[in-house]
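*Asks:* Here you go, this is target_18.csv (CSV, C-alpha atoms).
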chain,number,residue,atom,x,y,z
A,1,MET,CA,65.0,204.7,202.6
A,2,CYS,CA,67.0,206.1,199.7
A,3,ARG,CA,66.9,209.9,199.7
A,4,GLN,CA,68.3,210.3,196.2
A,5,GLN,CA,68.2,208.3,193.0
A,6,GLY,CA,71.4,207.4,191.2
A,7,ASN,CA,72.4,208.3,187.7
A,8,PRO,CA,73.8,205.3,185.9
A,9,THR,CA,74.9,207.4,182.9
A,10,GLN,CA,77.8,208.7,185.1
A,11,LEU,CA,79.3,205.2,184.9
A,12,TYR,CA,80.5,206.0,181.4
A,13,LEU,CA,82.5,209.0,182.8
A,14,GLY,CA,84.5,207.0,185.3
A,15,PHE,CA,87.7,207.2,183.3
A,16,GLN,CA,87.2,210.7,182.0
A,17,GLY,CA,90.3,212.8,182.5
A,18,THR,CA,92.4,209.9,183.6
A,19,ASN,CA,96.2,210.4,183.5
A,20,TYR,CA,97.6,207.6,181.4
A,21,SER,CA,101.2,208.5,181.9
A,22,THR,CA,103.5,205.6,183.0
A,23,LYS,CA,104.1,207.2,186.4
A,24,GLY,CA,100.3,208.0,186.8
A,25,LEU,CA,99.4,204.4,186.1
A,26,ILE,CA,102.0,203.0,188.5
A,27,MET,CA,100.8,205.3,191.3
A,28,ALA,CA,97.2,204.2,190.6
A,29,PHE,CA,98.3,200.6,190.8
A,30,TYR,CA,100.0,201.4,194.2
A,31,SER,CA,96.8,202.6,195.6
A,32,GLY,CA,94.8,199.7,194.2
A,33,LEU,CA,97.3,197.0,195.3
A,34,TYR,CA,97.5,198.5,198.8
A,35,THR,CA,93.7,198.0,199.0
A,36,PHE,CA,94.1,194.3,198.2
A,37,ASP,CA,97.3,193.8,200.1
A,38,GLY,CA,95.7,191.3,202.5
A,39,TRP,CA,95.9,188.7,199.7
A,40,CYS,CA,99.2,187.5,201.2
A,41,ILE,CA,98.4,187.4,204.9
A,42,VAL,CA,97.1,183.9,205.0
A,43,THR,CA,100.4,182.5,203.7
A,44,GLY,CA,102.3,184.2,206.5
A,45,VAL,CA,100.5,182.2,209.2
A,46,THR,CA,100.7,178.8,207.7
A,47,GLU,CA,101.9,177.3,211.0
A,48,GLU,CA,98.6,178.2,212.7
A,49,ILE,CA,96.3,176.9,210.0
A,50,LYS,CA,94.7,173.5,210.2
A,51,ASN,CA,95.2,171.4,207.0
A,52,PRO,CA,97.1,174.2,205.1
A,53,ASN,CA,97.2,172.2,201.9
A,54,LYS,CA,93.5,172.7,201.4
A,55,ASN,CA,92.5,175.7,203.5
A,56,ILE,CA,95.1,178.1,202.2
A,57,LEU,CA,94.0,177.5,198.6
A,58,PHE,CA,90.3,177.7,199.5
A,59,SER,CA,90.8,180.9,201.5
A,60,ILE,CA,92.5,182.6,198.5
A,61,LEU,CA,90.0,181.3,195.9
A,62,ILE,CA,87.1,182.5,198.0
A,63,ALA,CA,88.3,185.7,199.7
A,64,VAL,CA,90.1,187.4,196.8
A,65,PRO,CA,87.2,187.2,194.3
A,66,LEU,CA,84.7,188.0,197.0
A,67,VAL,CA,86.5,191.2,198.1
A,68,THR,CA,87.1,192.2,194.5
A,69,CYS,CA,83.3,192.0,193.8
A,70,LEU,CA,82.5,193.9,196.9
A,71,TYR,CA,85.0,196.7,196.1
A,72,LEU,CA,83.8,196.9,192.5
A,73,SER,CA,80.1,197.1,193.7
A,74,VAL,CA,80.9,199.9,196.1
A,75,ASN,CA,82.7,201.9,193.5
A,76,LEU,CA,79.8,201.4,191.0
A,77,ALA,CA,77.5,202.7,193.7
A,78,TYR,CA,79.7,205.8,194.3
A,79,LEU,CA,79.8,206.5,190.5
A,80,THR,CA,76.0,206.4,190.2
A,81,MET,CA,75.5,208.8,193.2
A,82,LEU,CA,78.4,211.2,193.1
A,83,THR,CA,80.2,213.1,190.4
A,84,ILE,CA,83.9,212.8,189.7
A,85,PRO,CA,84.7,216.3,191.1
A,86,GLN,CA,82.8,215.3,194.3
A,87,MET,CA,84.8,212.1,194.8
A,88,VAL,CA,88.1,213.9,194.1
A,89,SER,CA,87.4,216.8,196.5
A,90,GLU,CA,85.8,214.9,199.4
A,91,SER,CA,88.1,213.4,202.0
A,92,ALA,CA,85.5,210.8,203.1
A,93,VAL,CA,83.6,209.7,200.0
A,94,ALA,CA,81.7,207.0,201.8
A,95,VAL,CA,80.3,209.5,204.3
A,96,VAL,CA,79.0,211.8,201.5
A,97,PHE,CA,77.5,208.8,199.8
A,98,GLY,CA,75.8,207.7,203.0
A,99,ASP,CA,74.4,211.2,203.5
A,100,LEU,CA,72.8,211.2,200.0
A,101,VAL,CA,71.5,207.7,200.2
A,102,PHE,CA,70.6,207.0,203.8
A,103,GLY,CA,70.1,210.4,205.3
A,104,LYS,CA,69.9,210.2,209.0
A,105,TRP,CA,70.9,206.5,208.8
A,106,LYS,CA,74.3,207.5,207.3
A,107,LEU,CA,75.9,206.4,210.6
A,108,VAL,CA,75.6,202.8,209.1
A,109,ILE,CA,78.3,203.8,206.6
A,110,SER,CA,80.6,205.1,209.2
A,111,LEU,CA,80.2,202.1,211.4
A,112,GLY,CA,80.8,199.8,208.4
A,113,VAL,CA,84.1,201.7,207.6
A,114,ALA,CA,85.1,201.5,211.3
A,115,PHE,CA,84.5,197.8,211.6
A,116,SER,CA,86.3,197.2,208.3
A,117,ALA,CA,89.3,199.2,209.3
A,118,PHE,CA,89.3,197.5,212.7
A,119,GLY,CA,89.2,194.0,211.2
A,120,SER,CA,91.9,194.9,208.7
A,121,GLY,CA,94.1,196.2,211.5
A,122,LEU,CA,93.7,193.0,213.5
A,123,CYS,CA,94.6,190.9,210.5
A,124,ASN,CA,97.7,192.9,209.7
A,125,VAL,CA,98.9,192.9,213.3
A,126,PHE,CA,98.2,189.2,213.5
A,127,ALA,CA,100.2,188.4,210.4
A,128,ALA,CA,103.0,190.9,210.8
A,129,SER,CA,103.7,189.9,214.4
A,130,ARG,CA,104.0,186.2,213.2
A,131,LEU,CA,106.6,187.3,210.7
A,132,SER,CA,108.6,189.1,213.4
A,133,TYR,CA,108.2,186.1,215.6
A,134,VAL,CA,109.5,183.6,213.0
A,135,ALA,CA,112.3,186.0,212.0
A,136,ALA,CA,113.5,186.2,215.6
A,137,ARG,CA,113.2,182.4,216.0
A,138,ASP,CA,115.5,182.0,213.0
A,139,GLY,CA,118.0,184.5,214.5
A,140,HIS,CA,117.2,187.5,212.2
A,141,LEU,CA,115.8,189.7,215.0
A,142,VAL,CA,116.2,190.1,218.7
A,143,GLU,CA,115.7,186.8,220.5
A,144,SER,CA,113.0,188.0,222.8
A,145,LEU,CA,110.7,188.6,219.9
A,146,SER,CA,110.5,184.8,219.4
A,147,TYR,CA,109.1,184.3,222.9
A,148,ILE,CA,105.4,183.5,223.6
A,149,HIS,CA,103.2,184.1,226.6
A,150,MET,CA,103.3,181.4,229.3
A,151,ASP,CA,99.5,180.9,229.3
A,152,LYS,CA,98.0,182.4,226.2
A,153,LEU,CA,100.7,181.0,223.9
A,154,THR,CA,100.8,184.2,221.8
A,155,PRO,CA,103.9,186.1,220.6
A,156,VAL,CA,103.3,189.1,222.9
A,157,PRO,CA,106.7,190.9,222.3
A,158,ALA,CA,106.3,190.6,218.5
A,159,ILE,CA,102.7,191.9,218.7
A,160,LEU,CA,103.7,194.9,220.9
A,161,LEU,CA,106.5,195.7,218.4
A,162,GLN,CA,104.0,195.9,215.6
A,163,ILE,CA,101.7,198.1,217.6
A,164,ALA,CA,104.5,200.5,218.5
A,165,LEU,CA,105.6,200.7,214.8
A,166,THR,CA,102.0,201.4,213.8
A,167,GLY,CA,101.9,204.3,216.2
A,168,VAL,CA,105.1,205.7,214.8
A,169,PHE,CA,103.8,205.5,211.3
A,170,LEU,CA,100.5,207.1,212.2
A,171,LEU,CA,102.4,210.1,213.7
A,172,ALA,CA,103.9,210.6,210.2
A,173,GLY,CA,100.5,212.0,209.1
A,174,ASP,CA,100.9,211.9,205.3
A,175,MET,CA,99.1,208.7,204.6
A,176,VAL,CA,99.4,208.9,200.8
A,177,SER,CA,103.2,209.2,200.9
A,178,LEU,CA,103.2,206.4,203.5
A,179,ILE,CA,101.2,204.1,201.3
A,180,ASN,CA,103.5,204.8,198.3
A,181,PHE,CA,106.5,204.2,200.5
A,182,SER,CA,105.3,200.9,202.0
A,183,ASN,CA,104.1,199.6,198.6
A,184,PHE,CA,107.5,200.3,197.0
A,185,LEU,CA,109.2,198.3,199.8
A,186,LEU,CA,106.6,195.6,199.7
A,187,TRP,CA,106.8,194.9,196.0
A,188,ILE,CA,110.5,194.8,196.1
A,189,PHE,CA,110.4,192.0,198.6
A,190,TYR,CA,107.4,190.3,197.0
A,191,GLY,CA,109.6,190.1,193.8
A,192,LEU,CA,112.5,188.8,195.8
A,193,THR,CA,110.2,186.2,197.5
A,194,MET,CA,109.2,185.0,194.0
A,195,VAL,CA,112.9,184.6,193.2
A,196,THR,CA,113.3,182.3,196.2
A,197,VAL,CA,110.5,180.1,194.8
A,198,PHE,CA,112.6,179.3,191.7
A,199,VAL,CA,115.7,178.9,193.8
A,200,LEU,CA,114.1,176.5,196.3
A,201,ARG,CA,112.4,174.5,193.5
A,202,ARG,CA,115.8,173.9,192.0
A,203,THR,CA,117.9,173.4,195.1
A,204,ARG,CA,115.3,171.5,197.2
A,205,PRO,CA,113.0,169.8,194.6
A,206,GLU,CA,112.1,166.9,197.0
A,207,ALA,CA,111.3,169.2,200.0
A,208,LYS,CA,107.9,168.7,201.6
A,209,ARG,CA,105.6,171.7,200.9
A,210,SER,CA,102.3,172.7,202.4
A,211,TYR,CA,101.2,174.0,199.0
A,212,LYS,CA,102.7,174.3,195.6
A,213,VAL,CA,101.9,176.8,192.9
A,214,PRO,CA,102.6,176.7,189.1
A,215,LEU,CA,105.8,178.6,188.3
A,216,VAL,CA,104.0,180.8,185.9
A,217,ILE,CA,102.4,182.6,188.9
A,218,PRO,CA,105.6,183.7,190.6
A,219,ALA,CA,107.1,184.6,187.2
A,220,LEU,CA,104.1,186.9,186.6
A,221,VAL,CA,104.5,188.5,190.1
A,222,MET,CA,108.2,189.0,189.5
A,223,VAL,CA,107.5,191.0,186.3
A,224,ILE,CA,104.8,193.1,188.1
A,225,ALA,CA,107.1,193.7,191.1
A,226,LEU,CA,110.0,194.7,188.8
A,227,MET,CA,107.8,197.3,187.0
A,228,LEU,CA,106.4,198.7,190.3
A,229,ALA,CA,109.9,199.1,191.7
A,230,ILE,CA,111.8,200.5,188.8
A,231,ILE,CA,109.4,202.7,186.9
A,232,PRO,CA,108.7,205.2,189.7
A,233,LEU,CA,112.5,205.6,190.2
A,234,VAL,CA,113.1,206.2,186.5
A,235,THR,CA,110.2,208.6,185.8
A,236,GLN,CA,110.5,210.8,188.9
A,237,PRO,CA,112.4,209.5,192.0
A,238,PRO,CA,110.6,211.0,195.0
A,239,LEU,CA,112.4,211.2,198.4
A,240,GLN,CA,110.4,208.3,199.9
A,241,TYR,CA,111.7,205.8,197.4
A,242,ILE,CA,115.3,206.9,198.0
A,243,VAL,CA,114.8,206.5,201.7
A,244,ALA,CA,113.3,203.1,201.1
A,245,LEU,CA,116.4,202.0,199.2
A,246,VAL,CA,118.7,203.4,201.9
A,247,LEU,CA,116.8,201.4,204.6
A,248,ILE,CA,117.3,198.2,202.5
A,249,VAL,CA,121.0,198.9,202.4
A,250,LEU,CA,121.1,199.6,206.1
A,251,GLY,CA,119.3,196.2,206.6
A,252,VAL,CA,122.1,194.5,204.7
A,253,ILE,CA,124.7,196.3,206.8
A,254,VAL,CA,123.0,195.2,210.0
A,255,TYR,CA,122.5,191.6,208.7
A,256,TYR,CA,126.2,190.9,208.1
A,257,PRO,CA,127.6,191.4,211.7
A,258,PHE,CA,124.5,190.4,213.8
A,259,VAL,CA,123.0,187.6,211.7
A,260,TYR,CA,125.6,186.2,209.4
A,261,ARG,CA,128.5,186.7,211.9
A,262,LYS,CA,126.2,186.1,214.9
A,263,LEU,CA,127.7,189.0,216.9
A,264,SER,CA,125.8,190.1,220.0
A,265,LEU,CA,125.4,193.4,221.7
A,266,PRO,CA,126.4,193.8,225.3
A,267,TYR,CA,123.7,193.4,227.9
A,268,MET,CA,121.4,191.6,225.5
A,269,ASP,CA,121.0,188.8,228.0
A,270,LYS,CA,119.8,191.2,230.6
A,271,PHE,CA,117.4,192.8,228.1
A,272,THR,CA,116.0,189.4,227.2
A,273,TYR,CA,115.5,188.6,230.9
A,274,PHE,CA,113.8,191.9,231.5
A,275,VAL,CA,111.3,191.2,228.6
A,276,GLN,CA,110.6,187.7,230.0
A,277,VAL,CA,109.8,189.0,233.4
A,278,LEU,CA,107.8,192.0,232.3
A,279,LEU,CA,105.7,190.2,229.7
A,280,GLN,CA,105.7,186.7,231.2
A,281,VAL,CA,107.0,185.1,228.0
A,282,VAL,CA,109.2,182.0,227.4
A,283,PRO,CA,111.1,180.4,224.5
A,284,THR,CA,109.2,178.0,222.3
A,285,ALA,CA,110.3,174.9,220.5
A,286,GLU,CA,110.8,175.3,216.8
A,287,PRO,CA,108.2,173.3,214.8
A,288,ASP,CA,109.0,170.8,212.1
A,289,VAL,CA,109.9,172.3,208.8
A,290,LEU,CA,107.1,171.9,206.3
Go through the file and emit its structure as structure tokens.
*Replies:*
Amino acid sequence: MCRQQGNPTQLYLGFQGTNYSTKGLIMAFYSGLYTFDGWCIVTGVTEEIKNPNKNILFSILIAVPLVTCLYLSVNLAYLTMLTIPQMVSESAVAVVFGDLVFGKWKLVISLGVAFSAFGSGLCNVFAASRLSYVAARDGHLVESLSYIHMDKLTPVPAILLQIALTGVFLLAGDMVSLINFSNFLLWIFYGLTMVTVFVLRRTRPEAKRSYKVPLVIPALVMVIALMLAIIPLVTQPPLQYIVALVLIVLGVIVYYPFVYRKLSLPYMDKFTYFVQVLLQVVPTAEPDVL
């Protein structure tokens, strides 16, 4: 079935010509970490997981090493079949690889990529919509985002919001800049999340927790997040990083009057009623704090 034999000697050339500058390494980390960004999704849907004390730990210990091995295996396959210039110049490396290896069966590669992207999209919409749902339930977003469908019991408004935002981001077109932009924001808030672990361990030491990690792990993530957030700004601050910081400041400005001071815009009750009627959604009781 294989049309062309690989050349394993090319594996030794994988890092040839690598840019080892600080900024180059950080940008490389951004792309790699974006690929593995699903590592945190399971912790965002704790309320919908049976026996989270065990299943969250098992899912992380099984999924992350498995995906890592799969990604490394795929890249090893690419390096044995394609040259470095080929991989750099081609916009769809997997398709070129499939043409060399499988010939007329290269459609298998395209289908695999499509299924993988579809599954990843579903997981991200599932997790992100739950974040919006919980944030709205806690009063940090529009109230209607915390409503669920009368029959299906799913957070329809929050899901539709994520789909709409995804469409807006796709229209931006420049996916590389979008990945760098989102990773910069993500790792700032990943680092802040790790800070809250230390704060809550000190202020609420006896609180019931679904799972508990050694403090060395959040400390390590804090250091990594700090590097990923500061170094790109110091070495060469592109426009998207400045925009990201401006958005964070705008978030703080919006937070103070509408969340902290609990002010409400006119006609919000009518808007909430409209969303309820249109999407057939209702408020839900807040679950017990874990």
*Asks:* Mind checking which residues fall within 12 Å of Asn75 in chain A, counting all atoms listed in the file, ignoring those fewer than 2 positions away in the same chain, and posting them as a PyMOL selection string?
*Replies:* chain A and resi 10-11+14+68-73+77-84+87+93-94+97
*Asks:* For the residues in the current selection, export C-alpha atoms as a PDB file, in the coordinates of the input.
*Replies:*
ATOM      1  CA  GLN A  10      77.800 208.700 185.100  1.00  0.00           C
ATOM      2  CA  LEU A  11      79.300 205.200 184.900  1.00  0.00           C
ATOM      3  CA  GLY A  14      84.500 207.000 185.300  1.00  0.00           C
ATOM      4  CA  THR A  68      87.100 192.200 194.500  1.00  0.00           C
ATOM      5  CA  CYS A  69      83.300 192.000 193.800  1.00  0.00           C
ATOM      6  CA  LEU A  70      82.500 193.900 196.900  1.00  0.00           C
ATOM      7  CA  TYR A  71      85.000 196.700 196.100  1.00  0.00           C
ATOM      8  CA  LEU A  72      83.800 196.900 192.500  1.00  0.00           C
ATOM      9  CA  SER A  73      80.100 197.100 193.700  1.00  0.00           C
ATOM     10  CA  ALA A  77      77.500 202.700 193.700  1.00  0.00           C
ATOM     11  CA  TYR A  78      79.700 205.800 194.300  1.00  0.00           C
ATOM     12  CA  LEU A  79      79.800 206.500 190.500  1.00  0.00           C
ATOM     13  CA  THR A  80      76.000 206.400 190.200  1.00  0.00           C
ATOM     14  CA  MET A  81      75.500 208.800 193.200  1.00  0.00           C
ATOM     15  CA  LEU A  82      78.400 211.200 193.100  1.00  0.00           C
ATOM     16  CA  THR A  83      80.200 213.100 190.400  1.00  0.00           C
ATOM     17  CA  ILE A  84      83.900 212.800 189.700  1.00  0.00           C
ATOM     18  CA  MET A  87      84.800 212.100 194.800  1.00  0.00           C
ATOM     19  CA  VAL A  93      83.600 209.700 200.000  1.00  0.00           C
ATOM     20  CA  ALA A  94      81.700 207.000 201.800  1.00  0.00           C
ATOM     21  CA  PHE A  97      77.500 208.800 199.800  1.00  0.00           C
TER      22      PHE A  97
END
*Asks:* CA of Gly112 in chain A and CA of Val42 in chain A, how far apart in Å?
*Replies:*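 Interatomic distance, CA of Val42 in chain A to CA of Gly112 in chain A: 23.0 Å.
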*Asks:* How many Å separate CA of Met222 in chain A from CA of Val64 in chain A?
*Replies:*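 CA of Val64 in chain A lies at a distance of 19.6 Å from CA of Met222 in chain A.
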*Asks:* Report, in Å to a single decimal, how far apart CA of Leu215 in chain A and CA of Leu61 in chain A are.
*Replies:*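 CA of Leu215 in chain A lies 17.7 Å from CA of Leu61 in chain A.
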*Asks:* Within 8 Å of range 241-264 of chain A, which residues of range 104-181 of chain A come that close, and what is the closest atom pair and distance in Å for each? Count all atoms listed in the file and give it as a Markdown table.
*Replies:*
| residue | atom | partner | partner_atom | distance |
| --- | --- | --- | --- | --- |
| A:Gly139 | CA | A:Val259 | CA | 6.5 |
| A:His140 | CA | A:Val259 | CA | 5.8 |
| A:Phe181 | CA | A:Tyr241 | CA | 6.3 |
*Asks:* Between A:Met175, A:Thr46, A:Pro218, A:Leu239, single out the one closest to Val134 in chain A, counting all atoms listed in the file.
*Replies:*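 When distances to Val134 in chain A are compared using all atoms listed in the file, the smallest one comes from A:Thr46.
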*Asks:* Restricting the calculation to only C-alpha atoms, which member of A:Leu178, A:Ala158, A:Leu200, A:Val223 is positioned closest to Glu143 in chain A?
*Replies:* A:Ala158
*Asks:* If we count all atoms listed in the file and set the cut-off at 12 Å, which residues sit around Met268 in chain A, ignoring sequence neighbours fewer than 5 positions away in its own chain? Please answer as a list of chain:residue names.
*Replies:*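 Residues meeting the cut-off are A:Val142, A:Glu143, A:Ser144, A:Leu263, A:Tyr273, A:Phe274, A:Val275.
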*Asks:* Give me the residues within 7 Å of Ile41 in chain A as a CSV table (one decimal) with C-alpha atoms, keeping the file's coordinate frame, counting only C-alpha atoms and dropping any in the same chain fewer than 3 places off.
*Replies:*
chain,number,residue,atom,x,y,z
A,38,GLY,CA,95.7,191.3,202.5
A,44,GLY,CA,102.3,184.2,206.5
A,127,ALA,CA,100.2,188.4,210.4
*Asks:* Output as a Markdown table one row per residue of range 89-165 of chain A within 7 Å of range 277-283 of chain A: the closest atom pair and its distance in Å to one decimal place, counting only C-alpha atoms, sorted by chain and residue number ascending.
*Replies:*
| residue | atom | partner | partner_atom | distance |
| --- | --- | --- | --- | --- |
| A:Ser146 | CA | A:Pro283 | CA | 6.8 |
| A:Tyr147 | CA | A:Pro283 | CA | 4.7 |
| A:Ile148 | CA | A:Val281 | CA | 4.9 |
| A:His149 | CA | A:Val281 | CA | 4.2 |
| A:Met150 | CA | A:Val281 | CA | 5.4 |
*Asks:* Show me, as a ChimeraX atom specification, the residues that have an atom within 9 Å of Ile159 in chain A when counting all atoms listed in the file, minus same-chain residues fewer than 4 positions from it.
*Replies:* /A:125-126,128-130,132-133,145,154-155,163-164
*Asks:* Kindly add all heavy atoms to the incomplete range 277-287 of chain A and provide the output as a PDB file, in the frame of the given file.
*Replies:*
ATOM      1  N   VAL A 277     110.462 188.698 232.164  1.00  0.00           N
ATOM      2  CA  VAL A 277     109.800 189.000 233.400  1.00  0.00           C
ATOM      3  C   VAL A 277     108.641 189.940 233.264  1.00  0.00           C
ATOM      4  O   VAL A 277     107.557 189.753 233.837  1.00  0.00           O
ATOM      5  CB  VAL A 277     110.822 189.548 234.456  1.00  0.00           C
ATOM      6  CG1 VAL A 277     110.126 189.981 235.739  1.00  0.00           C
ATOM      7  CG2 VAL A 277     111.905 188.518 234.754  1.00  0.00           C
ATOM      8  N   LEU A 278     108.845 190.963 232.451  1.00  0.00           N
ATOM      9  CA  LEU A 278     107.800 192.000 232.300  1.00  0.00           C
ATOM     10  C   LEU A 278     106.575 191.438 231.576  1.00  0.00           C
ATOM     11  O   LEU A 278     105.441 191.708 231.987  1.00  0.00           O
ATOM     12  CB  LEU A 278     108.386 193.153 231.467  1.00  0.00           C
ATOM     13  CG  LEU A 278     107.425 194.319 231.171  1.00  0.00           C
ATOM     14  CD1 LEU A 278     107.015 195.018 232.468  1.00  0.00           C
ATOM     15  CD2 LEU A 278     108.054 195.310 230.196  1.00  0.00           C
ATOM     16  N   LEU A 279     106.778 190.650 230.521  1.00  0.00           N
ATOM     17  CA  LEU A 279     105.700 190.200 229.700  1.00  0.00           C
ATOM     18  C   LEU A 279     105.268 188.733 229.969  1.00  0.00           C
ATOM     19  O   LEU A 279     104.319 188.234 229.356  1.00  0.00           O
ATOM     20  CB  LEU A 279     106.019 190.332 228.210  1.00  0.00           C
ATOM     21  CG  LEU A 279     106.376 191.742 227.752  1.00  0.00           C
ATOM     22  CD1 LEU A 279     106.747 191.739 226.274  1.00  0.00           C
ATOM     23  CD2 LEU A 279     105.227 192.713 228.007  1.00  0.00           C
ATOM     24  N   GLN A 280     106.006 188.061 230.852  1.00  0.00           N
ATOM     25  CA  GLN A 280     105.700 186.700 231.200  1.00  0.00           C
ATOM     26  C   GLN A 280     105.749 185.784 229.939  1.00  0.00           C
ATOM     27  O   GLN A 280     104.798 185.071 229.642  1.00  0.00           O
ATOM     28  CB  GLN A 280     104.385 186.542 231.912  1.00  0.00           C
ATOM     29  CG  GLN A 280     104.318 187.301 233.233  1.00  0.00           C
ATOM     30  CD  GLN A 280     103.000 187.109 233.958  1.00  0.00           C
ATOM     31  OE1 GLN A 280     102.243 186.187 233.664  1.00  0.00           O
ATOM     32  NE2 GLN A 280     102.726 187.988 234.908  1.00  0.00           N
ATOM     33  N   VAL A 281     106.861 185.864 229.224  1.00  0.00           N
ATOM     34  CA  VAL A 281     107.000 185.100 228.000  1.00  0.00           C
ATOM     35  C   VAL A 281     108.189 184.136 228.141  1.00  0.00           C
ATOM     36  O   VAL A 281     109.105 184.364 228.937  1.00  0.00           O
ATOM     37  CB  VAL A 281     107.233 186.018 226.775  1.00  0.00           C
ATOM     38  CG1 VAL A 281     105.981 186.824 226.485  1.00  0.00           C
ATOM     39  CG2 VAL A 281     108.420 186.956 227.011  1.00  0.00           C
ATOM     40  N   VAL A 282     108.148 183.072 227.345  1.00  0.00           N
ATOM     41  CA  VAL A 282     109.200 182.000 227.400  1.00  0.00           C
ATOM     42  C   VAL A 282     109.523 181.593 225.980  1.00  0.00           C
ATOM     43  O   VAL A 282     108.741 181.803 225.049  1.00  0.00           O
ATOM     44  CB  VAL A 282     108.690 180.809 228.208  1.00  0.00           C
ATOM     45  CG1 VAL A 282     108.494 181.168 229.674  1.00  0.00           C
ATOM     46  CG2 VAL A 282     107.403 180.253 227.613  1.00  0.00           C
ATOM     47  N   PRO A 283     110.701 180.966 225.799  1.00  0.00           N
ATOM     48  CA  PRO A 283     111.100 180.400 224.500  1.00  0.00           C
ATOM     49  C   PRO A 283     110.099 179.305 224.092  1.00  0.00           C
ATOM     50  O   PRO A 283     109.472 178.669 224.933  1.00  0.00           O
ATOM     51  CB  PRO A 283     112.476 179.928 224.653  1.00  0.00           C
ATOM     52  CG  PRO A 283     112.979 180.579 225.898  1.00  0.00           C
ATOM     53  CD  PRO A 283     111.797 180.804 226.766  1.00  0.00           C
ATOM     54  N   THR A 284     110.023 179.066 222.799  1.00  0.00           N
ATOM     55  CA  THR A 284     109.200 178.000 222.300  1.00  0.00           C
ATOM     56  C   THR A 284     110.014 177.069 221.409  1.00  0.00           C
ATOM     57  O   THR A 284     110.998 177.516 220.797  1.00  0.00           O
ATOM     58  CB  THR A 284     107.990 178.515 221.494  1.00  0.00           C
ATOM     59  OG1 THR A 284     107.215 177.419 220.996  1.00  0.00           O
ATOM     60  CG2 THR A 284     108.454 179.351 220.316  1.00  0.00           C
ATOM     61  N   ALA A 285     109.623 175.812 221.356  1.00  0.00           N
ATOM     62  CA  ALA A 285     110.300 174.900 220.500  1.00  0.00           C
ATOM     63  C   ALA A 285     110.038 175.160 219.041  1.00  0.00           C
ATOM     64  O   ALA A 285     108.915 175.503 218.676  1.00  0.00           O
ATOM     65  CB  ALA A 285     109.912 173.427 220.836  1.00  0.00           C
ATOM     66  N   GLU A 286     111.038 175.021 218.205  1.00  0.00           N
ATOM     67  CA  GLU A 286     110.800 175.300 216.800  1.00  0.00           C
ATOM     68  C   GLU A 286     110.083 174.096 216.150  1.00  0.00           C
ATOM     69  O   GLU A 286     110.435 172.945 216.355  1.00  0.00           O
ATOM     70  CB  GLU A 286     112.187 175.441 216.080  1.00  0.00           C
ATOM     71  CG  GLU A 286     112.058 175.837 214.623  1.00  0.00           C
ATOM     72  CD  GLU A 286     113.415 176.203 214.013  1.00  0.00           C
ATOM     73  OE1 GLU A 286     114.345 176.480 214.792  1.00  0.00           O
ATOM     74  OE2 GLU A 286     113.524 176.181 212.787  1.00  0.00           O
ATOM     75  N   PRO A 287     109.016 174.380 215.365  1.00  0.00           N
ATOM     76  CA  PRO A 287     108.200 173.300 214.800  1.00  0.00           C
ATOM     77  C   PRO A 287     108.979 172.610 213.636  1.00  0.00           C
ATOM     78  O   PRO A 287     109.991 173.103 213.163  1.00  0.00           O
ATOM     79  CB  PRO A 287     106.993 174.032 214.225  1.00  0.00           C
ATOM     80  CG  PRO A 287     107.493 175.413 213.919  1.00  0.00           C
ATOM     81  CD  PRO A 287     108.517 175.713 214.984  1.00  0.00           C
TER      82      PRO A 287
END
